[in-house]
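S.K.: Could you have a look at this structure, given as structure tokens, before my questions?
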Amino acid sequence: MKTVYIIHTGGTISMKEDAQTGAVKPDIQNPLRHSTPSIANLANVIVEEAFHLPSPHITPKEMLILSKKIRKKIKAEKIDAVVITHGTDTLEETAYFLDLTIETDIPIVLTGAMRSSNEIGSDGPYNFISAVRVATSDEAKGKGVLVVMNDEIHTAKNVTKTHTSNVATFQSPQYGPIGIVTKHGISFHHMPTQHEFYPVEEIEKQVFLLKAYAGMDEQLFQAISSLNIDGLVIEALGQGNLPPRTLNGIKPLLERNIPIVLVSRCFNGIAQDVYGYDGGGKQLKELGVIFSNGLNGQKARIKLLAALQSSSSYEELQQIFNH
Ligand code: ASP
């Protein structure tokens with residue numbers, strides 16, 4: 001049997017609904033302990049409760065702790081796979097951070113739940129068992145960090161939470177899942193093309209994320225420029241354009257060599273310098289804005305945080321965001 005390192009971090013998968021108030025809250029004891037006996041039929045497990053946090057409480061600091069724990073465990077012991085349970089709200093950010101900062105071909109799989117442990121139709125134990133089944137399948141090797149929810153296997157890079165409450169919330173817009181979980185097996189139908197790695201030992205940079213909207217002006221940019229800021233990601237309009245008045249806020253940041261990465265607020269497609277009008281992509285590119293090749297805003301922020309630990313030159317960052 002394979003050996004799986006299981007790390008619990010909290011989230012709805014480890015919470016209970018209060019029958020009186022309907023409030024979903026962390027439980028004193030992680031209810032996933034009850035699923036562990038069925039997991040023991042699938043693999044030898046090493047279980048650790050790293051945190052007991054709702055995922056809106058997870059920060060890059062916790063992500064780095066997880067990354068270091070996994071790297072250390074892989075070095076110290078013979079483990080075949082890693083499974084992490086996590087709240088779904090920021091699961092995609094932790095998954096992508098781990099994908100960028102761990103260099104290994106052993107499967108690392110994240111999972112969570114949309115319904116807490118005592119709700120009807122609770123999806124936690126099922127997703128947990130599915131994650132272990134995927135992590136222990138031979139084909140999961142070398143595919144980077146994966147997210148397994150609701151019988152689907154997604155890459156950390158493309159997956160995103162798309163629905164507030166539906167159990168089918170995790171989707172990979174434009175690309176789809178790379179595999180499925182069935183009663184009898186695990187079936188992969190796509191292979192991720194490349195894996196990027198950034199050797200991150202510290203996270204001490206401050207990267208903000210702003211979303212563009214009709215009529216946006218310079219004010220938010222001016223406000224953040226007085227803060228301690230190392231980088232900025234903007235979810236731009238359409239193919240990669242901004243309302244013209246934002247330029248008065250963007251130019252001073254670029255003059256201070258603060259990297260600005262542009263993604264689109266559309267969840268399909270890639271931001272590119274296509275339009276030549278005031279605030280259009282061509283002008284933004286000429287000013288030194290970095291265009292990202294298809295990440296969503298929250299993932300581009302994670303990537304910029306990781307990349308800034310080793311580089312802050314425009315050329316290198318543009319190269320990094322071309323991938
Ligand atoms: N708010 C919860 C969290 O992210 C949602 C979940 O786990 O599904 O911790």
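Residue numbers start at 1 in each chain; chains themselves are named A, B, ... in the order of the structure tokens; ligands are numbered from 1 in the order shown.
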Residues of chain A that have any atom at most 12 Å from an atom of ligand 1: could you tabulate them with the shortest-distance atom pair and the distance in Å to one decimal, using only C-alpha atoms and all ligand atoms, ordered by chain and increasing number, as a tab-separated table?

M.R.:
```
residue	atom	partner	partner_atom_place_in_ligand_line	distance
A:His8	CA	ligand 1	7 (O)	11.8
A:Thr9	CA	ligand 1	9 (O)	9.2
A:Gly10	CA	ligand 1	9 (O)	6.6
A:Gly11	CA	ligand 1	9 (O)	3.4
A:Thr12	CA	ligand 1	7 (O)	3.7
A:Ile13	CA	ligand 1	7 (O)	6.0
A:Ser14	CA	ligand 1	7 (O)	8.1
A:Met15	CA	ligand 1	7 (O)	8.3
A:Lys16	CA	ligand 1	7 (O)	11.1
A:Ala23	CA	ligand 1	1 (N)	11.3
A:Val24	CA	ligand 1	1 (N)	8.7
A:Lys25	CA	ligand 1	2 (C)	9.1
A:Pro26	CA	ligand 1	9 (O)	9.0
A:Phe51	CA	ligand 1	9 (O)	11.5
A:His52	CA	ligand 1	9 (O)	9.6
A:Leu53	CA	ligand 1	9 (O)	6.9
A:Pro54	CA	ligand 1	9 (O)	3.5
A:Ser55	CA	ligand 1	9 (O)	3.8
A:Pro56	CA	ligand 1	4 (O)	5.8
A:His57	CA	ligand 1	9 (O)	7.9
A:Ile58	CA	ligand 1	9 (O)	8.8
A:Thr85	CA	ligand 1	7 (O)	9.1
A:His86	CA	ligand 1	7 (O)	6.4
A:Gly87	CA	ligand 1	7 (O)	3.1
A:Thr88	CA	ligand 1	8 (O)	4.0
A:Asp89	CA	ligand 1	4 (O)	3.7
A:Thr90	CA	ligand 1	4 (O)	6.1
A:Leu91	CA	ligand 1	4 (O)	7.2
A:Glu92	CA	ligand 1	4 (O)	10.4
A:Glu93	CA	ligand 1	4 (O)	11.3
A:Thr94	CA	ligand 1	4 (O)	11.4
A:Leu110	CA	ligand 1	7 (O)	11.9
A:Thr111	CA	ligand 1	7 (O)	9.5
A:Gly112	CA	ligand 1	7 (O)	6.1
A:Ala113	CA	ligand 1	8 (O)	5.1
A:Met114	CA	ligand 1	8 (O)	4.4
A:Arg115	CA	ligand 1	8 (O)	7.0
A:Ser116	CA	ligand 1	8 (O)	8.0
A:Ser117	CA	ligand 1	7 (O)	11.0
A:Ser122	CA	ligand 1	8 (O)	11.1
A:Asp123	CA	ligand 1	8 (O)	10.1
A:Gly124	CA	ligand 1	8 (O)	9.4
A:Asn127	CA	ligand 1	8 (O)	11.8
A:Met149	CA	ligand 1	8 (O)	11.0
A:Lys161	CA	ligand 1	8 (O)	9.7
A:Thr162	CA	ligand 1	8 (O)	11.9
A:His163	CA	ligand 1	8 (O)	10.6
A:Thr164	CA	ligand 1	5 (C)	8.7
A:Ser165	CA	ligand 1	8 (O)	8.1
A:Asn166	CA	ligand 1	8 (O)	10.0
A:Val167	CA	ligand 1	8 (O)	9.2
A:Ala168	CA	ligand 1	8 (O)	11.5
A:Thr169	CA	ligand 1	8 (O)	9.6
A:Phe170	CA	ligand 1	8 (O)	10.7
```

S.K.: Please produce, as a tab-separated table, a per-residue contact table for stretch 4-102 of chain A versus stretch 191-207 of chain A (criterion: any atom at most 8 Å away, only C-alpha atoms considered), showing the nearest atom pair and its distance in Å to one decimal, sorted by chain then residue number.

M.R.:
```
residue	atom	partner	partner_atom	distance
A:Pro60	CA	A:Ile203	CA	7.1
A:Lys61	CA	A:Ile203	CA	7.0
A:Leu64	CA	A:Ile203	CA	7.5
A:Asp99	CA	A:Phe197	CA	7.6
A:Leu100	CA	A:Phe197	CA	4.8
A:Thr101	CA	A:Tyr198	CA	5.2
A:Ile102	CA	A:Phe197	CA	6.8
```

S.K.: Restricting the output to N, CA, C and O atoms, write the selected residues as a PDB file, in the first residue's frame.

M.R.:
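After the write, again-v7.pdb holds the following:
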```pdb
ATOM      1  N   PRO A  60      -0.820  33.957   2.943  1.00  0.00           N
ATOM      2  CA  PRO A  60       0.392  33.376   2.354  1.00  0.00           C
ATOM      3  C   PRO A  60       1.341  32.800   3.412  1.00  0.00           C
ATOM      4  O   PRO A  60       2.125  31.898   3.117  1.00  0.00           O
ATOM      5  N   LYS A  61       1.253  33.292   4.642  1.00  0.00           N
ATOM      6  CA  LYS A  61       2.111  32.749   5.708  1.00  0.00           C
ATOM      7  C   LYS A  61       1.771  31.263   5.946  1.00  0.00           C
ATOM      8  O   LYS A  61       2.665  30.415   6.018  1.00  0.00           O
ATOM      9  N   LEU A  64       2.936  29.152   3.021  1.00  0.00           N
ATOM     10  CA  LEU A  64       4.371  28.869   3.057  1.00  0.00           C
ATOM     11  C   LEU A  64       4.681  27.783   4.099  1.00  0.00           C
ATOM     12  O   LEU A  64       5.514  26.899   3.851  1.00  0.00           O
ATOM     13  N   ASP A  99       1.758  24.584  -5.851  1.00  0.00           N
ATOM     14  CA  ASP A  99       2.183  24.157  -7.190  1.00  0.00           C
ATOM     15  C   ASP A  99       3.447  24.913  -7.618  1.00  0.00           C
ATOM     16  O   ASP A  99       4.366  24.325  -8.202  1.00  0.00           O
ATOM     17  N   LEU A 100       3.492  26.199  -7.304  1.00  0.00           N
ATOM     18  CA  LEU A 100       4.633  27.032  -7.737  1.00  0.00           C
ATOM     19  C   LEU A 100       5.877  26.824  -6.875  1.00  0.00           C
ATOM     20  O   LEU A 100       6.986  27.110  -7.323  1.00  0.00           O
ATOM     21  N   THR A 101       5.695  26.361  -5.639  1.00  0.00           N
ATOM     22  CA  THR A 101       6.834  26.376  -4.703  1.00  0.00           C
ATOM     23  C   THR A 101       7.345  24.984  -4.303  1.00  0.00           C
ATOM     24  O   THR A 101       8.257  24.906  -3.489  1.00  0.00           O
ATOM     25  N   ILE A 102       6.733  23.926  -4.834  1.00  0.00           N
ATOM     26  CA  ILE A 102       7.215  22.576  -4.508  1.00  0.00           C
ATOM     27  C   ILE A 102       7.635  21.877  -5.793  1.00  0.00           C
ATOM     28  O   ILE A 102       6.858  21.794  -6.747  1.00  0.00           O
TER      29      ILE A 102
END
```

S.K.: Using only C-alpha atoms, find the one residue out of A:Phe208, A:Phe188, A:Tyr275, A:Tyr96 that sits nearest to A:Gln239.

M.R.: A:Tyr275

S.K.: Mind the document's chain letters and residue numbers, and return as a list in words the residues of stretch 160-255 of chain A that DSSP labels strand (DSSP E or B).

M.R.: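 Matching residues for strand (DSSP E or B) in stretch 160-255 of chain A are Thr160, Lys161, Phe170, Gln171, Gly179, Ile180, Val181, Ile186, Ser187, Phe188, Val207, Phe208, Leu209, Leu210, Lys211, Gly231, Leu232, Val233, Ile234, Glu235, Ala236, Leu237 and Asn241 of chain A.
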
S.K.: Atoms to include: N, CA, C and O atoms. Write the selected residues as a JSON list (two decimals), in the first residue's frame.

M.R.:
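Once everything was written out, this is again.json:
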```json
[["chain", "number", "residue", "atom", "x", "y", "z"],
["A", 160, "THR", "N", -11.02, 27.15, -10.35],
["A", 160, "THR", "CA", -11.50, 28.29, -9.58],
["A", 160, "THR", "C", -12.87, 27.97, -8.98],
["A", 160, "THR", "O", -13.61, 27.15, -9.51],
["A", 161, "LYS", "N", -13.17, 28.62, -7.86],
["A", 161, "LYS", "CA", -14.47, 28.43, -7.22],
["A", 161, "LYS", "C", -15.48, 29.29, -7.97],
["A", 161, "LYS", "O", -15.32, 30.51, -8.05],
["A", 170, "PHE", "N", -16.25, 23.88, -8.15],
["A", 170, "PHE", "CA", -14.90, 24.01, -8.74],
["A", 170, "PHE", "C", -14.91, 23.65, -10.21],
["A", 170, "PHE", "O", -15.32, 22.56, -10.60],
["A", 171, "GLN", "N", -14.48, 24.61, -11.02],
["A", 171, "GLN", "CA", -14.45, 24.45, -12.48],
["A", 171, "GLN", "C", -13.12, 24.98, -12.98],
["A", 171, "GLN", "O", -12.49, 25.81, -12.33],
["A", 179, "GLY", "N", -9.29, 15.17, -15.46],
["A", 179, "GLY", "CA", -9.62, 13.77, -15.22],
["A", 179, "GLY", "C", -10.90, 13.65, -14.40],
["A", 179, "GLY", "O", -11.43, 14.66, -13.92],
["A", 180, "ILE", "N", -11.37, 12.42, -14.29],
["A", 180, "ILE", "CA", -12.59, 12.19, -13.50],
["A", 180, "ILE", "C", -12.38, 11.02, -12.54],
["A", 180, "ILE", "O", -11.52, 10.16, -12.75],
["A", 181, "VAL", "N", -13.21, 11.02, -11.49],
["A", 181, "VAL", "CA", -13.21, 9.93, -10.50],
["A", 181, "VAL", "C", -14.47, 9.13, -10.76],
["A", 181, "VAL", "O", -15.57, 9.69, -10.81],
["A", 186, "ILE", "N", -9.81, 5.86, -11.58],
["A", 186, "ILE", "CA", -9.43, 7.25, -11.76],
["A", 186, "ILE", "C", -9.00, 7.38, -13.21],
["A", 186, "ILE", "O", -8.17, 6.60, -13.67],
["A", 187, "SER", "N", -9.59, 8.32, -13.92],
["A", 187, "SER", "CA", -9.27, 8.39, -15.34],
["A", 187, "SER", "C", -8.83, 9.80, -15.73],
["A", 187, "SER", "O", -9.57, 10.77, -15.59],
["A", 188, "PHE", "N", -7.58, 9.90, -16.18],
["A", 188, "PHE", "CA", -7.06, 11.20, -16.65],
["A", 188, "PHE", "C", -7.24, 11.26, -18.16],
["A", 188, "PHE", "O", -6.96, 10.28, -18.86],
["A", 207, "VAL", "N", 1.52, 42.46, -2.16],
["A", 207, "VAL", "CA", 0.95, 42.59, -3.50],
["A", 207, "VAL", "C", -0.57, 42.79, -3.37],
["A", 207, "VAL", "O", -1.24, 42.00, -2.71],
["A", 208, "PHE", "N", -1.08, 43.84, -4.00],
["A", 208, "PHE", "CA", -2.52, 44.12, -3.94],
["A", 208, "PHE", "C", -3.21, 43.69, -5.23],
["A", 208, "PHE", "O", -2.56, 43.56, -6.27],
["A", 209, "LEU", "N", -4.52, 43.51, -5.12],
["A", 209, "LEU", "CA", -5.33, 43.11, -6.28],
["A", 209, "LEU", "C", -6.51, 44.07, -6.40],
["A", 209, "LEU", "O", -7.28, 44.25, -5.45],
["A", 210, "LEU", "N", -6.63, 44.71, -7.57],
["A", 210, "LEU", "CA", -7.75, 45.61, -7.81],
["A", 210, "LEU", "C", -8.55, 45.14, -9.02],
["A", 210, "LEU", "O", -7.98, 44.61, -9.97],
["A", 211, "LYS", "N", -9.85, 45.35, -8.96],
["A", 211, "LYS", "CA", -10.70, 44.98, -10.10],
["A", 211, "LYS", "C", -11.21, 46.23, -10.80],
["A", 211, "LYS", "O", -11.71, 47.16, -10.15],
["A", 231, "GLY", "N", 3.93, 45.28, -5.36],
["A", 231, "GLY", "CA", 3.40, 44.86, -6.65],
["A", 231, "GLY", "C", 1.89, 44.99, -6.66],
["A", 231, "GLY", "O", 1.26, 45.07, -5.61],
["A", 232, "LEU", "N", 1.34, 45.03, -7.88],
["A", 232, "LEU", "CA", -0.11, 45.21, -8.02],
["A", 232, "LEU", "C", -0.61, 44.33, -9.17],
["A", 232, "LEU", "O", 0.02, 44.26, -10.22],
["A", 233, "VAL", "N", -1.74, 43.69, -8.94],
["A", 233, "VAL", "CA", -2.42, 42.95, -10.02],
["A", 233, "VAL", "C", -3.74, 43.66, -10.29],
["A", 233, "VAL", "O", -4.45, 44.03, -9.35],
["A", 234, "ILE", "N", -4.04, 43.89, -11.55],
["A", 234, "ILE", "CA", -5.32, 44.51, -11.90],
["A", 234, "ILE", "C", -6.13, 43.54, -12.76],
["A", 234, "ILE", "O", -5.62, 43.03, -13.76],
["A", 235, "GLU", "N", -7.36, 43.31, -12.35],
["A", 235, "GLU", "CA", -8.30, 42.57, -13.21],
["A", 235, "GLU", "C", -8.90, 43.59, -14.16],
["A", 235, "GLU", "O", -9.79, 44.35, -13.79],
["A", 236, "ALA", "N", -8.36, 43.62, -15.37],
["A", 236, "ALA", "CA", -8.73, 44.65, -16.34],
["A", 236, "ALA", "C", -10.02, 44.27, -17.07],
["A", 236, "ALA", "O", -10.57, 43.18, -16.89],
["A", 237, "LEU", "N", -10.47, 45.16, -17.94],
["A", 237, "LEU", "CA", -11.68, 44.92, -18.72],
["A", 237, "LEU", "C", -11.33, 44.14, -19.99],
["A", 237, "LEU", "O", -10.26, 44.36, -20.58],
["A", 241, "ASN", "N", -7.96, 46.14, -21.04],
["A", 241, "ASN", "CA", -8.07, 47.60, -21.16],
["A", 241, "ASN", "C", -8.53, 48.19, -19.84],
["A", 241, "ASN", "O", -9.12, 47.49, -19.01]]
```

S.K.: Suppose you want the space between atom CA of A:Thr104 and atom CA of A:Ser130; what is it in Å?

M.R.: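 Between atom CA of A:Thr104 and atom CA of A:Ser130 the gap is 21.3 Å.
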
S.K.: What is the distance between atom CA of A:Arg301 and atom CA of A:Val261, in Å to one decimal?

M.R.: 8.4 Å

S.K.: Looking at only C-alpha atoms, which of A:Ala140, A:Ala223, A:Ala212, A:Ile84 is the one that sits closest to A:His189?

M.R.: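 Using only C-alpha atoms, A:His189 sits closest to A:Ala140.
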
S.K.: Taking the chain letters and numbering used in this document, name the residues of stretch 88-316 of chain A that DSSP puts in alpha helix (DSSP H), as a PyMOL selection string.

M.R.: chain A and resi 91-101+124-135+219-225+247-255+281-287+297-307+314-316

S.K.: Taking only C-alpha atoms into account, name the residue in A:Asp273, A:Ile258, A:Gly240, A:Gln283 that is nearest to A:Leu308.

M.R.: A:Ile258

S.K.: To one decimal place in Å, what is the distance between atom CA of A:Gly215 and atom CA of A:Tyr277?

M.R.: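 The value is 15.6 Å.
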
S.K.: Find the residues of stretch 91-167 of chain A that sit at most 10 Å from stretch 290-295 of chain A; for each, write down the nearest two atoms and how far apart they are in Å, to one decimal. Count only C-alpha atoms. Sort by chain, then by number going up, and give it as a Markdown table.

M.R.:
```
| residue | atom | partner | partner_atom | distance |
| --- | --- | --- | --- | --- |
| A:Lys157 | CA | A:Leu295 | CA | 7.5 |
| A:Asn158 | CA | A:Leu295 | CA | 7.4 |
| A:Val159 | CA | A:Leu295 | CA | 9.9 |
```

S.K.: Would you write out those residues with all heavy atoms, as a PDB file, in the first residue's frame?

M.R.:
```
ATOM      1  N   LYS A 157      -3.537  25.349 -11.365  1.00  0.00           N
ATOM      2  CA  LYS A 157      -3.393  26.564 -12.164  1.00  0.00           C
ATOM      3  C   LYS A 157      -4.733  27.056 -12.736  1.00  0.00           C
ATOM      4  O   LYS A 157      -5.000  28.252 -12.772  1.00  0.00           O
ATOM      5  CB  LYS A 157      -2.406  26.288 -13.311  1.00  0.00           C
ATOM      6  CG  LYS A 157      -2.051  27.512 -14.099  1.00  0.00           C
ATOM      7  CD  LYS A 157      -0.952  27.216 -15.093  1.00  0.00           C
ATOM      8  CE  LYS A 157      -0.612  28.463 -15.888  1.00  0.00           C
ATOM      9  NZ  LYS A 157       0.437  28.208 -16.863  1.00  0.00           N
ATOM     10  N   ASN A 158      -5.571  26.131 -13.167  1.00  0.00           N
ATOM     11  CA  ASN A 158      -6.791  26.552 -13.867  1.00  0.00           C
ATOM     12  C   ASN A 158      -8.051  26.554 -13.025  1.00  0.00           C
ATOM     13  O   ASN A 158      -9.035  27.189 -13.387  1.00  0.00           O
ATOM     14  CB  ASN A 158      -7.027  25.657 -15.090  1.00  0.00           C
ATOM     15  CG  ASN A 158      -5.946  25.832 -16.134  1.00  0.00           C
ATOM     16  OD1 ASN A 158      -5.441  26.938 -16.318  1.00  0.00           O
ATOM     17  ND2 ASN A 158      -5.559  24.754 -16.783  1.00  0.00           N
ATOM     18  N   VAL A 159      -8.039  25.825 -11.909  1.00  0.00           N
ATOM     19  CA  VAL A 159      -9.299  25.655 -11.171  1.00  0.00           C
ATOM     20  C   VAL A 159      -9.696  26.938 -10.444  1.00  0.00           C
ATOM     21  O   VAL A 159      -8.854  27.718  -9.997  1.00  0.00           O
ATOM     22  CB  VAL A 159      -9.169  24.477 -10.171  1.00  0.00           C
ATOM     23  CG1 VAL A 159      -8.359  24.854  -8.942  1.00  0.00           C
ATOM     24  CG2 VAL A 159     -10.551  23.970  -9.771  1.00  0.00           C
TER      25      VAL A 159
END
```

S.K.: Can you work out which one of A:Leu304, A:Ile7, A:Leu247, A:Leu253 has the shortest atom-to-atom distance to A:Ile224, counting only C-alpha atoms?

M.R.: A:Leu253
